[in-house]
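Below is one structure, written out as structure tokens, with a few remarks after it.
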Amino acid sequence: MTDATATAVRMPPRTLLLTLLGVSTMTIMASATITPALPGMEQHFAATPNAALLVRLVLTLPGLAIMLAAPVLARLSGRAGRVRVLTAGLALYVVGGGSGLVLDWLPGLLAGRALLGVGIAAIMVTSTALLADHYPATEHGRVLGLQGAAMGFGGVVALLLGGVLADLSWRGPFAVYLLAVPMVVLVLRFVPEAPKSPPAPGGPQRTPRLFGLYALMFLGVVVFYTVPTQAPFWLGAVTGAGPVVVGVLMAALNLVMTLVGLNFRRLRARWDFRVLAAVLFAAYAAGLVVLGLAGGIWMAALGMLVTGVGIGLQNPVMNGWVVASVDPAARTRALGMLTSALFLGQFASPLLAQPVVDGVGLGNTFVLAGALGLVVSVVLVFLRGRATSDSPAA
């Protein structure tokens, strides 16, 4: 048997890849689905004190739960098995996400979103780790790019469907969370546990050196998450756009994310992670400034599409950088911390943005977020000039 044949035999079946890509779409649907429903939800709960802030927390509260749960679930998955944790996470996703279909009490709705966050943490920690475990390092650029593309495509479906359902009722988009039910069956049928990898010889695990990457993920999410939390209100003020139009524009943003993910393998072959990170923050800077200065629907759409380039790069760049920077045995723990940083950024974004919105207005808030993205991009370019490798310690 030739080496090529042996490699082909050892490659995981396509059903495993498709299932893990499908599972990955659940994470983007968690927030994107209900974005078009935020204005209707705020109107429904108008009599509740601090409704404007609490409604935005409905979108972002899962981030706090994920921040707390991801490191714990990462360790648990190492003991109980990643597939078991993934399956349990999908079950919590259905219960917590679907609670919005029946609950009419805003604090109760927020509790359901926290439960949803625990489920998302389990999915995020295990799905990327399982992709990296089942595929060799030479395939990581391809499969992580496909994961980013799948998440973007899931966002397109979720936002289009969410926009239509939100036009009927603000509760409608919560039904999309029930799509996780068949994913449980597929995971149990097609996703086995991967053999445990021993620690690489010659030194300790490098997890403590990754705090710079966690900080990059946090800053990136704080910057771009002004779009799903604030754009529906900004588009309504500038263009008069309703839930359907907002859903279409957010879906277009996710379509760009899909296209970037499909081409990530080529981008990674040409540039190192630091360059790609600088590009993604530059895309945030350009897109958010254009969005903040928009006076009509077409300019706003252009800004959102450019922002989508950054969003499309963020997950494969940061996940790939972390996976490449740690021993396989430390992979789940490192990805758990990265997941915590990601969703901490989601939780923090509206809390940081709302005082700015109150002080300078929605448009200027987008411009300032873009300026922060530009600063991060320039710093990355400067640091690359002094670095000699992709290592976070460089």
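Ordering of the structure tokens sets the chain letters (A, B, ...), residue numbers begin anew at 1 in every chain, and ligands are numbered from 1 in the order given.
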query: segment 119-126 of chain A: which residues within 7 Å, counting only C-alpha atoms, same-chain residues fewer than 4 positions away excluded, as a PyMOL selection string?
result: chain A and resi 27+66+69-70+73-74+82+85-86+89-90+92-93+115+130+332+335-336+339
Selection near Ala47 of chain A, 12 Å with only C-alpha atoms, sequence-local residues under 6 positions removed, as number ranges by chain: A: 41, 54, 105-106
Can you list, as a compact mmCIF listing (two decimals) with N, CA and C atoms, in the first residue's frame, every residue of segment 133-339 of chain A that DSSP puts in helix (DSSP H, G or I)?
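Printed below is selection-v2.txt as written:
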# COMPACT_ATOMS: atom_id res chain seq x y z
N ASP A 133 -8.65 17.40 16.25
CA ASP A 133 -8.22 16.06 16.67
C ASP A 133 -8.31 15.05 15.53
N HIS A 134 -9.38 15.11 14.77
CA HIS A 134 -9.62 14.09 13.75
C HIS A 134 -8.86 14.36 12.45
N ALA A 137 -2.47 18.16 11.06
CA ALA A 137 -2.16 19.58 11.08
C ALA A 137 -2.17 20.20 9.69
N THR A 138 -1.78 19.40 8.68
CA THR A 138 -1.77 19.92 7.32
C THR A 138 -3.17 20.25 6.79
N GLU A 139 -4.19 19.69 7.44
CA GLU A 139 -5.57 19.93 7.02
C GLU A 139 -6.28 20.97 7.87
N HIS A 140 -5.62 21.48 8.91
CA HIS A 140 -6.29 22.40 9.82
C HIS A 140 -6.75 23.67 9.12
N GLY A 141 -5.92 24.23 8.22
CA GLY A 141 -6.33 25.43 7.51
C GLY A 141 -7.61 25.20 6.72
N ARG A 142 -7.71 24.04 6.10
CA ARG A 142 -8.91 23.74 5.30
C ARG A 142 -10.14 23.56 6.18
N VAL A 143 -10.05 22.69 7.20
CA VAL A 143 -11.24 22.38 7.97
C VAL A 143 -11.68 23.55 8.85
N LEU A 144 -10.72 24.33 9.37
CA LEU A 144 -11.12 25.50 10.16
C LEU A 144 -11.69 26.60 9.27
N GLY A 145 -11.18 26.70 8.04
CA GLY A 145 -11.79 27.63 7.08
C GLY A 145 -13.20 27.21 6.74
N LEU A 146 -13.41 25.90 6.52
CA LEU A 146 -14.75 25.40 6.26
C LEU A 146 -15.67 25.61 7.46
N GLN A 147 -15.11 25.51 8.66
CA GLN A 147 -15.92 25.78 9.85
C GLN A 147 -16.39 27.23 9.86
N GLY A 148 -15.47 28.16 9.54
CA GLY A 148 -15.86 29.56 9.46
C GLY A 148 -16.90 29.80 8.38
N ALA A 149 -16.75 29.11 7.23
CA ALA A 149 -17.73 29.25 6.15
C ALA A 149 -19.09 28.71 6.58
N ALA A 150 -19.08 27.56 7.27
CA ALA A 150 -20.34 26.98 7.73
C ALA A 150 -21.04 27.89 8.72
N MET A 151 -20.26 28.51 9.60
CA MET A 151 -20.85 29.44 10.56
C MET A 151 -21.46 30.64 9.84
N GLY A 152 -20.75 31.14 8.80
CA GLY A 152 -21.30 32.24 8.04
C GLY A 152 -22.58 31.85 7.32
N PHE A 153 -22.60 30.66 6.72
CA PHE A 153 -23.80 30.20 6.03
C PHE A 153 -24.95 30.00 7.01
N GLY A 154 -24.62 29.45 8.19
CA GLY A 154 -25.66 29.32 9.22
C GLY A 154 -26.22 30.67 9.62
N GLY A 155 -25.34 31.68 9.66
CA GLY A 155 -25.81 33.03 9.97
C GLY A 155 -26.73 33.57 8.90
N VAL A 156 -26.43 33.27 7.62
CA VAL A 156 -27.30 33.70 6.53
C VAL A 156 -28.69 33.11 6.70
N VAL A 157 -28.75 31.79 6.91
CA VAL A 157 -30.04 31.12 7.07
C VAL A 157 -30.77 31.65 8.30
N ALA A 158 -30.05 31.77 9.42
CA ALA A 158 -30.68 32.19 10.66
C ALA A 158 -31.23 33.61 10.56
N LEU A 159 -30.47 34.50 9.93
CA LEU A 159 -30.90 35.89 9.87
C LEU A 159 -32.05 36.09 8.89
N LEU A 160 -32.00 35.41 7.75
CA LEU A 160 -33.13 35.51 6.83
C LEU A 160 -34.39 34.94 7.47
N LEU A 161 -34.26 33.77 8.06
CA LEU A 161 -35.41 33.16 8.72
C LEU A 161 -35.83 33.98 9.93
N GLY A 162 -34.85 34.46 10.70
CA GLY A 162 -35.17 35.27 11.87
C GLY A 162 -35.85 36.56 11.50
N GLY A 163 -35.42 37.20 10.40
CA GLY A 163 -36.05 38.44 9.96
C GLY A 163 -37.50 38.23 9.58
N VAL A 164 -37.77 37.15 8.86
CA VAL A 164 -39.15 36.85 8.45
C VAL A 164 -40.01 36.53 9.68
N LEU A 165 -39.48 35.69 10.57
CA LEU A 165 -40.25 35.31 11.76
C LEU A 165 -40.43 36.49 12.71
N ALA A 166 -39.42 37.37 12.80
CA ALA A 166 -39.55 38.54 13.67
C ALA A 166 -40.59 39.51 13.14
N ASP A 167 -40.81 39.50 11.83
CA ASP A 167 -41.84 40.37 11.26
C ASP A 167 -43.23 39.89 11.65
N LEU A 168 -43.35 38.60 11.97
CA LEU A 168 -44.62 38.05 12.43
C LEU A 168 -44.79 38.25 13.94
N GLY A 172 -40.96 34.63 17.26
CA GLY A 172 -40.74 33.70 16.16
C GLY A 172 -39.31 33.20 16.01
N PRO A 173 -38.30 34.08 16.04
CA PRO A 173 -36.93 33.61 15.84
C PRO A 173 -36.44 32.58 16.86
N PHE A 174 -37.06 32.52 18.03
CA PHE A 174 -36.61 31.56 19.03
C PHE A 174 -36.88 30.12 18.60
N ALA A 175 -37.78 29.92 17.63
CA ALA A 175 -38.05 28.57 17.14
C ALA A 175 -36.85 27.98 16.41
N VAL A 176 -35.97 28.84 15.91
CA VAL A 176 -34.81 28.35 15.15
C VAL A 176 -33.89 27.50 16.04
N TYR A 177 -33.90 27.74 17.34
CA TYR A 177 -33.04 26.96 18.23
C TYR A 177 -33.41 25.48 18.24
N LEU A 178 -34.60 25.14 17.83
CA LEU A 178 -35.02 23.74 17.79
C LEU A 178 -34.29 22.95 16.71
N LEU A 179 -33.59 23.63 15.82
CA LEU A 179 -32.82 22.94 14.79
C LEU A 179 -31.68 22.11 15.39
N ALA A 180 -31.35 22.37 16.64
CA ALA A 180 -30.30 21.59 17.29
C ALA A 180 -30.75 20.17 17.62
N VAL A 181 -32.05 19.92 17.59
CA VAL A 181 -32.55 18.58 17.92
C VAL A 181 -31.99 17.52 16.97
N PRO A 182 -32.12 17.69 15.65
CA PRO A 182 -31.53 16.66 14.77
C PRO A 182 -30.01 16.60 14.86
N MET A 183 -29.37 17.69 15.25
CA MET A 183 -27.91 17.65 15.37
C MET A 183 -27.47 16.69 16.47
N VAL A 184 -28.27 16.55 17.52
CA VAL A 184 -27.94 15.58 18.57
C VAL A 184 -27.86 14.18 17.98
N VAL A 185 -28.85 13.84 17.15
CA VAL A 185 -28.89 12.51 16.53
C VAL A 185 -27.67 12.29 15.64
N LEU A 186 -27.32 13.30 14.85
CA LEU A 186 -26.19 13.18 13.94
C LEU A 186 -24.87 13.03 14.68
N VAL A 187 -24.70 13.77 15.77
CA VAL A 187 -23.47 13.66 16.56
C VAL A 187 -23.33 12.25 17.12
N LEU A 188 -24.40 11.72 17.69
CA LEU A 188 -24.34 10.37 18.27
C LEU A 188 -24.07 9.31 17.20
N ARG A 189 -24.51 9.58 15.99
CA ARG A 189 -24.36 8.58 14.92
C ARG A 189 -23.00 8.66 14.22
N PHE A 190 -22.47 9.86 14.02
CA PHE A 190 -21.34 10.00 13.11
C PHE A 190 -20.05 10.55 13.74
N THR A 207 0.25 26.84 26.94
CA THR A 207 -0.99 27.56 27.18
C THR A 207 -0.80 28.91 27.86
N PRO A 208 0.07 29.08 28.89
CA PRO A 208 0.20 30.38 29.54
C PRO A 208 0.66 31.50 28.61
N ARG A 209 1.23 31.20 27.45
CA ARG A 209 1.71 32.22 26.54
C ARG A 209 0.62 32.78 25.64
N LEU A 210 -0.59 32.32 25.79
CA LEU A 210 -1.65 32.67 24.85
C LEU A 210 -2.49 33.86 25.27
N PHE A 211 -2.15 34.53 26.34
CA PHE A 211 -3.01 35.61 26.81
C PHE A 211 -3.11 36.74 25.79
N GLY A 212 -2.06 36.96 25.00
CA GLY A 212 -2.16 37.96 23.95
C GLY A 212 -3.22 37.62 22.92
N LEU A 213 -3.35 36.33 22.59
CA LEU A 213 -4.37 35.91 21.64
C LEU A 213 -5.77 36.04 22.24
N TYR A 214 -5.89 35.71 23.53
CA TYR A 214 -7.18 35.90 24.19
C TYR A 214 -7.58 37.38 24.18
N ALA A 215 -6.61 38.26 24.40
CA ALA A 215 -6.90 39.69 24.38
C ALA A 215 -7.32 40.15 22.99
N LEU A 216 -6.66 39.62 21.96
CA LEU A 216 -7.05 39.97 20.58
C LEU A 216 -8.48 39.53 20.29
N MET A 217 -8.82 38.32 20.71
CA MET A 217 -10.18 37.85 20.49
C MET A 217 -11.19 38.75 21.20
N PHE A 218 -10.89 39.09 22.45
CA PHE A 218 -11.80 39.95 23.21
C PHE A 218 -12.00 41.30 22.51
N LEU A 219 -10.91 41.94 22.11
CA LEU A 219 -11.01 43.24 21.46
C LEU A 219 -11.75 43.14 20.14
N GLY A 220 -11.49 42.09 19.38
CA GLY A 220 -12.18 41.94 18.11
C GLY A 220 -13.67 41.82 18.27
N VAL A 221 -14.10 41.05 19.26
CA VAL A 221 -15.54 40.87 19.47
C VAL A 221 -16.17 42.15 20.00
N VAL A 222 -15.50 42.85 20.92
CA VAL A 222 -16.03 44.12 21.41
C VAL A 222 -16.27 45.08 20.26
N VAL A 223 -15.33 45.09 19.30
CA VAL A 223 -15.44 46.01 18.17
C VAL A 223 -16.58 45.61 17.24
N PHE A 224 -16.57 44.35 16.75
CA PHE A 224 -17.55 44.02 15.72
C PHE A 224 -18.94 43.78 16.28
N THR A 226 -20.68 45.60 18.02
CA THR A 226 -21.54 46.77 17.93
C THR A 226 -22.52 46.63 16.77
N VAL A 227 -22.21 45.79 15.78
CA VAL A 227 -23.11 45.64 14.63
C VAL A 227 -24.41 44.93 15.02
N PRO A 228 -24.36 43.67 15.53
CA PRO A 228 -25.64 43.04 15.87
C PRO A 228 -26.40 43.71 17.01
N THR A 229 -25.70 44.37 17.95
CA THR A 229 -26.41 44.98 19.08
C THR A 229 -26.93 46.38 18.78
N GLN A 230 -26.27 47.12 17.90
CA GLN A 230 -26.66 48.51 17.65
C GLN A 230 -27.17 48.77 16.24
N ALA A 231 -26.74 47.96 15.26
CA ALA A 231 -27.10 48.24 13.87
C ALA A 231 -28.61 48.22 13.61
N PRO A 232 -29.40 47.30 14.21
CA PRO A 232 -30.84 47.36 13.93
C PRO A 232 -31.46 48.71 14.27
N PHE A 233 -31.01 49.33 15.35
CA PHE A 233 -31.54 50.63 15.76
C PHE A 233 -30.99 51.74 14.86
N TRP A 234 -29.72 51.65 14.48
CA TRP A 234 -29.11 52.65 13.60
C TRP A 234 -29.73 52.59 12.21
N LEU A 235 -29.93 51.40 11.67
CA LEU A 235 -30.54 51.27 10.35
C LEU A 235 -31.98 51.78 10.36
N GLY A 236 -32.68 51.51 11.45
CA GLY A 236 -34.04 52.03 11.54
C GLY A 236 -34.07 53.54 11.57
N ALA A 237 -33.12 54.17 12.27
CA ALA A 237 -33.08 55.62 12.37
C ALA A 237 -32.65 56.28 11.07
N VAL A 238 -31.67 55.68 10.38
CA VAL A 238 -31.11 56.30 9.17
C VAL A 238 -31.93 55.98 7.93
N THR A 239 -32.41 54.74 7.82
CA THR A 239 -33.06 54.30 6.59
C THR A 239 -34.52 53.91 6.77
N PRO A 243 -37.55 44.89 10.40
CA PRO A 243 -36.87 43.63 10.71
C PRO A 243 -36.44 42.82 9.49
N VAL A 244 -37.26 42.82 8.43
CA VAL A 244 -36.91 42.02 7.25
C VAL A 244 -35.65 42.57 6.59
N VAL A 245 -35.59 43.90 6.40
CA VAL A 245 -34.41 44.52 5.77
C VAL A 245 -33.18 44.32 6.64
N VAL A 246 -33.34 44.49 7.95
CA VAL A 246 -32.21 44.26 8.85
C VAL A 246 -31.73 42.82 8.75
N GLY A 247 -32.66 41.88 8.68
CA GLY A 247 -32.30 40.48 8.54
C GLY A 247 -31.55 40.21 7.25
N VAL A 248 -31.98 40.84 6.16
CA VAL A 248 -31.31 40.65 4.87
C VAL A 248 -29.89 41.19 4.92
N LEU A 249 -29.70 42.39 5.50
CA LEU A 249 -28.37 42.98 5.57
C LEU A 249 -27.44 42.15 6.46
N MET A 250 -27.95 41.68 7.58
CA MET A 250 -27.13 40.84 8.44
C MET A 250 -26.81 39.51 7.75
N ALA A 251 -27.75 38.99 6.97
CA ALA A 251 -27.49 37.77 6.22
C ALA A 251 -26.42 38.00 5.16
N ALA A 252 -26.44 39.17 4.52
CA ALA A 252 -25.40 39.49 3.53
C ALA A 252 -24.03 39.56 4.19
N LEU A 253 -23.97 40.12 5.38
CA LEU A 253 -22.72 40.15 6.14
C LEU A 253 -22.21 38.73 6.38
N ASN A 254 -23.11 37.84 6.75
CA ASN A 254 -22.71 36.47 7.00
C ASN A 254 -22.36 35.72 5.72
N LEU A 255 -22.93 36.14 4.59
CA LEU A 255 -22.54 35.55 3.31
C LEU A 255 -21.09 35.90 2.99
N VAL A 256 -20.69 37.13 3.27
CA VAL A 256 -19.28 37.51 3.11
C VAL A 256 -18.41 36.65 4.02
N MET A 257 -18.86 36.45 5.24
CA MET A 257 -18.14 35.59 6.19
C MET A 257 -17.96 34.19 5.61
N THR A 258 -18.98 33.67 4.95
CA THR A 258 -18.90 32.34 4.33
C THR A 258 -17.85 32.32 3.23
N LEU A 259 -17.85 33.32 2.36
CA LEU A 259 -16.90 33.38 1.26
C LEU A 259 -15.46 33.47 1.77
N VAL A 260 -15.25 34.25 2.83
CA VAL A 260 -13.91 34.35 3.40
C VAL A 260 -13.48 33.00 3.96
N GLY A 261 -14.38 32.31 4.65
CA GLY A 261 -14.03 31.00 5.20
C GLY A 261 -13.68 29.99 4.12
N LEU A 262 -14.39 30.01 3.00
CA LEU A 262 -14.11 29.08 1.92
C LEU A 262 -12.74 29.32 1.31
N PHE A 264 -10.13 30.62 3.12
CA PHE A 264 -9.15 30.81 4.18
C PHE A 264 -7.90 29.96 3.97
N ARG A 265 -8.05 28.78 3.43
CA ARG A 265 -6.88 27.92 3.22
C ARG A 265 -5.86 28.62 2.32
N ARG A 266 -6.34 29.29 1.28
CA ARG A 266 -5.43 30.01 0.39
C ARG A 266 -4.79 31.20 1.10
N LEU A 267 -5.58 31.91 1.87
CA LEU A 267 -5.05 33.05 2.61
C LEU A 267 -3.99 32.61 3.61
N ARG A 268 -4.24 31.52 4.30
CA ARG A 268 -3.29 31.04 5.30
C ARG A 268 -2.00 30.56 4.65
N ALA A 269 -2.10 30.00 3.43
CA ALA A 269 -0.90 29.54 2.74
C ALA A 269 0.00 30.71 2.35
N ARG A 270 -0.58 31.90 2.20
CA ARG A 270 0.19 33.06 1.75
C ARG A 270 0.70 33.90 2.91
N PHE A 273 -0.35 34.24 10.67
CA PHE A 273 -1.51 34.60 11.47
C PHE A 273 -1.51 36.07 11.86
N ARG A 274 -0.33 36.63 12.12
CA ARG A 274 -0.28 38.02 12.57
C ARG A 274 -0.75 38.97 11.46
N VAL A 275 -0.35 38.69 10.20
CA VAL A 275 -0.81 39.51 9.08
C VAL A 275 -2.32 39.39 8.92
N LEU A 276 -2.83 38.18 8.99
CA LEU A 276 -4.27 37.98 8.83
C LEU A 276 -5.05 38.66 9.95
N ALA A 277 -4.49 38.66 11.17
CA ALA A 277 -5.15 39.36 12.27
C ALA A 277 -5.17 40.86 12.02
N ALA A 278 -4.07 41.41 11.49
CA ALA A 278 -4.03 42.84 11.16
C ALA A 278 -5.06 43.17 10.09
N VAL A 279 -5.22 42.29 9.10
CA VAL A 279 -6.21 42.52 8.04
C VAL A 279 -7.62 42.51 8.60
N LEU A 280 -7.91 41.58 9.51
CA LEU A 280 -9.28 41.51 10.03
C LEU A 280 -9.63 42.75 10.84
N PHE A 281 -8.69 43.29 11.61
CA PHE A 281 -8.98 44.51 12.37
C PHE A 281 -9.06 45.73 11.44
N ALA A 282 -8.27 45.72 10.35
CA ALA A 282 -8.39 46.80 9.37
C ALA A 282 -9.76 46.76 8.69
N ALA A 283 -10.27 45.56 8.43
CA ALA A 283 -11.61 45.44 7.84
C ALA A 283 -12.67 45.96 8.81
N TYR A 284 -12.52 45.65 10.11
CA TYR A 284 -13.44 46.21 11.09
C TYR A 284 -13.39 47.74 11.06
N ALA A 285 -12.18 48.28 11.01
CA ALA A 285 -12.02 49.74 11.03
C ALA A 285 -12.74 50.37 9.85
N ALA A 286 -12.46 49.88 8.64
CA ALA A 286 -13.06 50.48 7.44
C ALA A 286 -14.57 50.31 7.44
N GLY A 287 -15.05 49.09 7.74
CA GLY A 287 -16.47 48.82 7.67
C GLY A 287 -17.28 49.62 8.69
N LEU A 288 -16.80 49.69 9.91
CA LEU A 288 -17.55 50.39 10.95
C LEU A 288 -17.56 51.90 10.74
N VAL A 289 -16.47 52.45 10.24
CA VAL A 289 -16.45 53.89 9.96
C VAL A 289 -17.45 54.21 8.84
N VAL A 290 -17.46 53.41 7.78
CA VAL A 290 -18.42 53.63 6.70
C VAL A 290 -19.85 53.50 7.22
N LEU A 291 -20.11 52.49 8.04
CA LEU A 291 -21.45 52.30 8.61
C LEU A 291 -21.84 53.49 9.47
N GLY A 292 -20.91 53.98 10.28
CA GLY A 292 -21.24 55.10 11.16
C GLY A 292 -21.48 56.41 10.43
N LEU A 293 -20.88 56.56 9.25
CA LEU A 293 -21.06 57.78 8.47
C LEU A 293 -22.17 57.65 7.44
N ILE A 297 -29.24 53.59 2.86
CA ILE A 297 -29.18 52.14 2.97
C ILE A 297 -27.98 51.56 2.26
N TRP A 298 -27.57 52.11 1.10
CA TRP A 298 -26.50 51.50 0.33
C TRP A 298 -25.15 51.69 1.00
N MET A 299 -24.91 52.86 1.56
CA MET A 299 -23.65 53.08 2.26
C MET A 299 -23.59 52.23 3.53
N ALA A 300 -24.71 52.12 4.22
CA ALA A 300 -24.76 51.26 5.40
C ALA A 300 -24.50 49.81 5.04
N ALA A 301 -25.07 49.36 3.91
CA ALA A 301 -24.86 47.99 3.46
C ALA A 301 -23.39 47.76 3.13
N LEU A 302 -22.75 48.73 2.48
CA LEU A 302 -21.33 48.60 2.16
C LEU A 302 -20.50 48.46 3.43
N GLY A 303 -20.78 49.28 4.43
CA GLY A 303 -20.05 49.18 5.68
C GLY A 303 -20.21 47.82 6.33
N MET A 304 -21.40 47.26 6.30
CA MET A 304 -21.63 45.97 6.92
C MET A 304 -20.92 44.86 6.15
N LEU A 305 -20.89 44.96 4.82
CA LEU A 305 -20.21 43.93 4.03
C LEU A 305 -18.71 43.94 4.28
N VAL A 306 -18.11 45.13 4.38
CA VAL A 306 -16.68 45.20 4.67
C VAL A 306 -16.40 44.65 6.06
N THR A 307 -17.26 44.97 7.02
CA THR A 307 -17.12 44.40 8.36
C THR A 307 -17.18 42.88 8.32
N GLY A 308 -17.99 42.35 7.41
CA GLY A 308 -18.10 40.89 7.28
C GLY A 308 -16.79 40.21 6.91
N VAL A 309 -15.91 40.93 6.20
CA VAL A 309 -14.59 40.36 5.89
C VAL A 309 -13.82 40.08 7.18
N GLY A 310 -13.86 41.04 8.11
CA GLY A 310 -13.19 40.84 9.39
C GLY A 310 -13.81 39.72 10.19
N ILE A 311 -15.14 39.66 10.21
CA ILE A 311 -15.81 38.60 10.96
C ILE A 311 -15.46 37.24 10.36
N GLY A 312 -15.39 37.17 9.02
CA GLY A 312 -15.05 35.91 8.38
C GLY A 312 -13.65 35.43 8.70
N LEU A 313 -12.75 36.36 8.94
CA LEU A 313 -11.37 36.00 9.28
C LEU A 313 -11.20 35.65 10.75
N GLN A 314 -12.00 36.25 11.62
CA GLN A 314 -11.68 36.18 13.04
C GLN A 314 -11.64 34.77 13.60
N ASN A 315 -12.69 33.98 13.39
CA ASN A 315 -12.70 32.65 14.00
C ASN A 315 -11.62 31.73 13.44
N PRO A 316 -11.48 31.58 12.11
CA PRO A 316 -10.40 30.69 11.64
C PRO A 316 -9.01 31.18 11.99
N VAL A 317 -8.79 32.50 12.00
CA VAL A 317 -7.47 33.02 12.36
C VAL A 317 -7.17 32.73 13.83
N MET A 318 -8.08 33.09 14.72
CA MET A 318 -7.80 32.94 16.14
C MET A 318 -7.80 31.46 16.56
N ASN A 319 -8.77 30.68 16.05
CA ASN A 319 -8.77 29.25 16.37
C ASN A 319 -7.51 28.57 15.84
N GLY A 320 -7.15 28.89 14.59
CA GLY A 320 -5.97 28.28 14.00
C GLY A 320 -4.70 28.68 14.71
N TRP A 321 -4.61 29.94 15.12
CA TRP A 321 -3.42 30.42 15.82
C TRP A 321 -3.25 29.71 17.17
N VAL A 322 -4.36 29.53 17.87
CA VAL A 322 -4.29 28.83 19.16
C VAL A 322 -3.94 27.36 18.95
N VAL A 323 -4.62 26.70 18.00
CA VAL A 323 -4.34 25.28 17.75
C VAL A 323 -2.88 25.06 17.38
N ALA A 324 -2.32 25.98 16.58
CA ALA A 324 -0.93 25.85 16.16
C ALA A 324 0.07 26.18 17.26
N SER A 325 -0.41 26.79 18.34
CA SER A 325 0.50 27.29 19.37
C SER A 325 0.57 26.43 20.62
N PRO A 328 -1.18 19.16 21.36
CA PRO A 328 -2.52 18.58 21.24
C PRO A 328 -3.20 18.30 22.57
N ALA A 329 -2.43 17.88 23.57
CA ALA A 329 -3.02 17.57 24.87
C ALA A 329 -3.59 18.80 25.56
N ALA A 330 -3.08 19.99 25.21
CA ALA A 330 -3.55 21.23 25.82
C ALA A 330 -4.59 21.94 24.97
N ARG A 331 -4.97 21.34 23.85
CA ARG A 331 -5.80 22.02 22.87
C ARG A 331 -7.16 22.44 23.42
N THR A 332 -7.84 21.51 24.09
CA THR A 332 -9.19 21.81 24.57
C THR A 332 -9.17 22.92 25.61
N ARG A 333 -8.20 22.88 26.51
CA ARG A 333 -8.13 23.91 27.54
C ARG A 333 -7.87 25.28 26.92
N ALA A 334 -6.97 25.33 25.94
CA ALA A 334 -6.66 26.61 25.30
C ALA A 334 -7.87 27.13 24.53
N LEU A 335 -8.57 26.25 23.81
CA LEU A 335 -9.77 26.67 23.09
C LEU A 335 -10.88 27.08 24.04
N GLY A 336 -10.93 26.45 25.21
CA GLY A 336 -11.91 26.87 26.21
C GLY A 336 -11.67 28.29 26.67
N MET A 337 -10.42 28.64 26.90
CA MET A 337 -10.10 30.01 27.30
C MET A 337 -10.37 30.99 26.16
N LEU A 338 -10.08 30.58 24.92
CA LEU A 338 -10.37 31.45 23.78
C LEU A 338 -11.87 31.68 23.65
N THR A 339 -12.65 30.63 23.86
CA THR A 339 -14.10 30.75 23.82
C THR A 339 -14.59 31.70 24.91
- prompt: For Met29 of chain A, which residue out of A:Ala91, A:Ala46, A:Leu76, A:Leu59 is the nearest one, using only C-alpha atoms?
  reply: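 Using only C-alpha atoms, the shortest distance to Met29 of chain A belongs to A:Leu59.
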task: Would you mind telling me which residue in A:Leu38, A:Ile28, A:Val58, A:Leu372 lies nearest to Gly108 of chain A when using only C-alpha atoms?
output: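 The shortest atom-to-atom distance to Gly108 of chain A comes from A:Val58.
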field: Coordinates-based distance that separates atom CA of Gly63 of chain A from atom CA of Ala341 of chain A (Å, one decimal)
entry: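 So the two atoms, atom CA of Ala341 of chain A and atom CA of Gly63 of chain A, lie 9.0 Å apart.
Between atom CA of Leu64 of chain A and atom CA of Ser340 of chain A the interatomic distance comes to 8.3 Å.
Of note, atom CA of Val83 of chain A and atom CA of Val95 of chain A are spaced 18.8 Å apart.
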message: So that I can check the surroundings of Arg113 of chain A, please list as number ranges by chain every protein, DNA and RNA residue that reaches within 9 Å of it, counting only C-alpha atoms and ignoring chain neighbours fewer than 2 positions away.
response: A: 58-62, 65, 96-97, 99-100, 108-111, 115-118
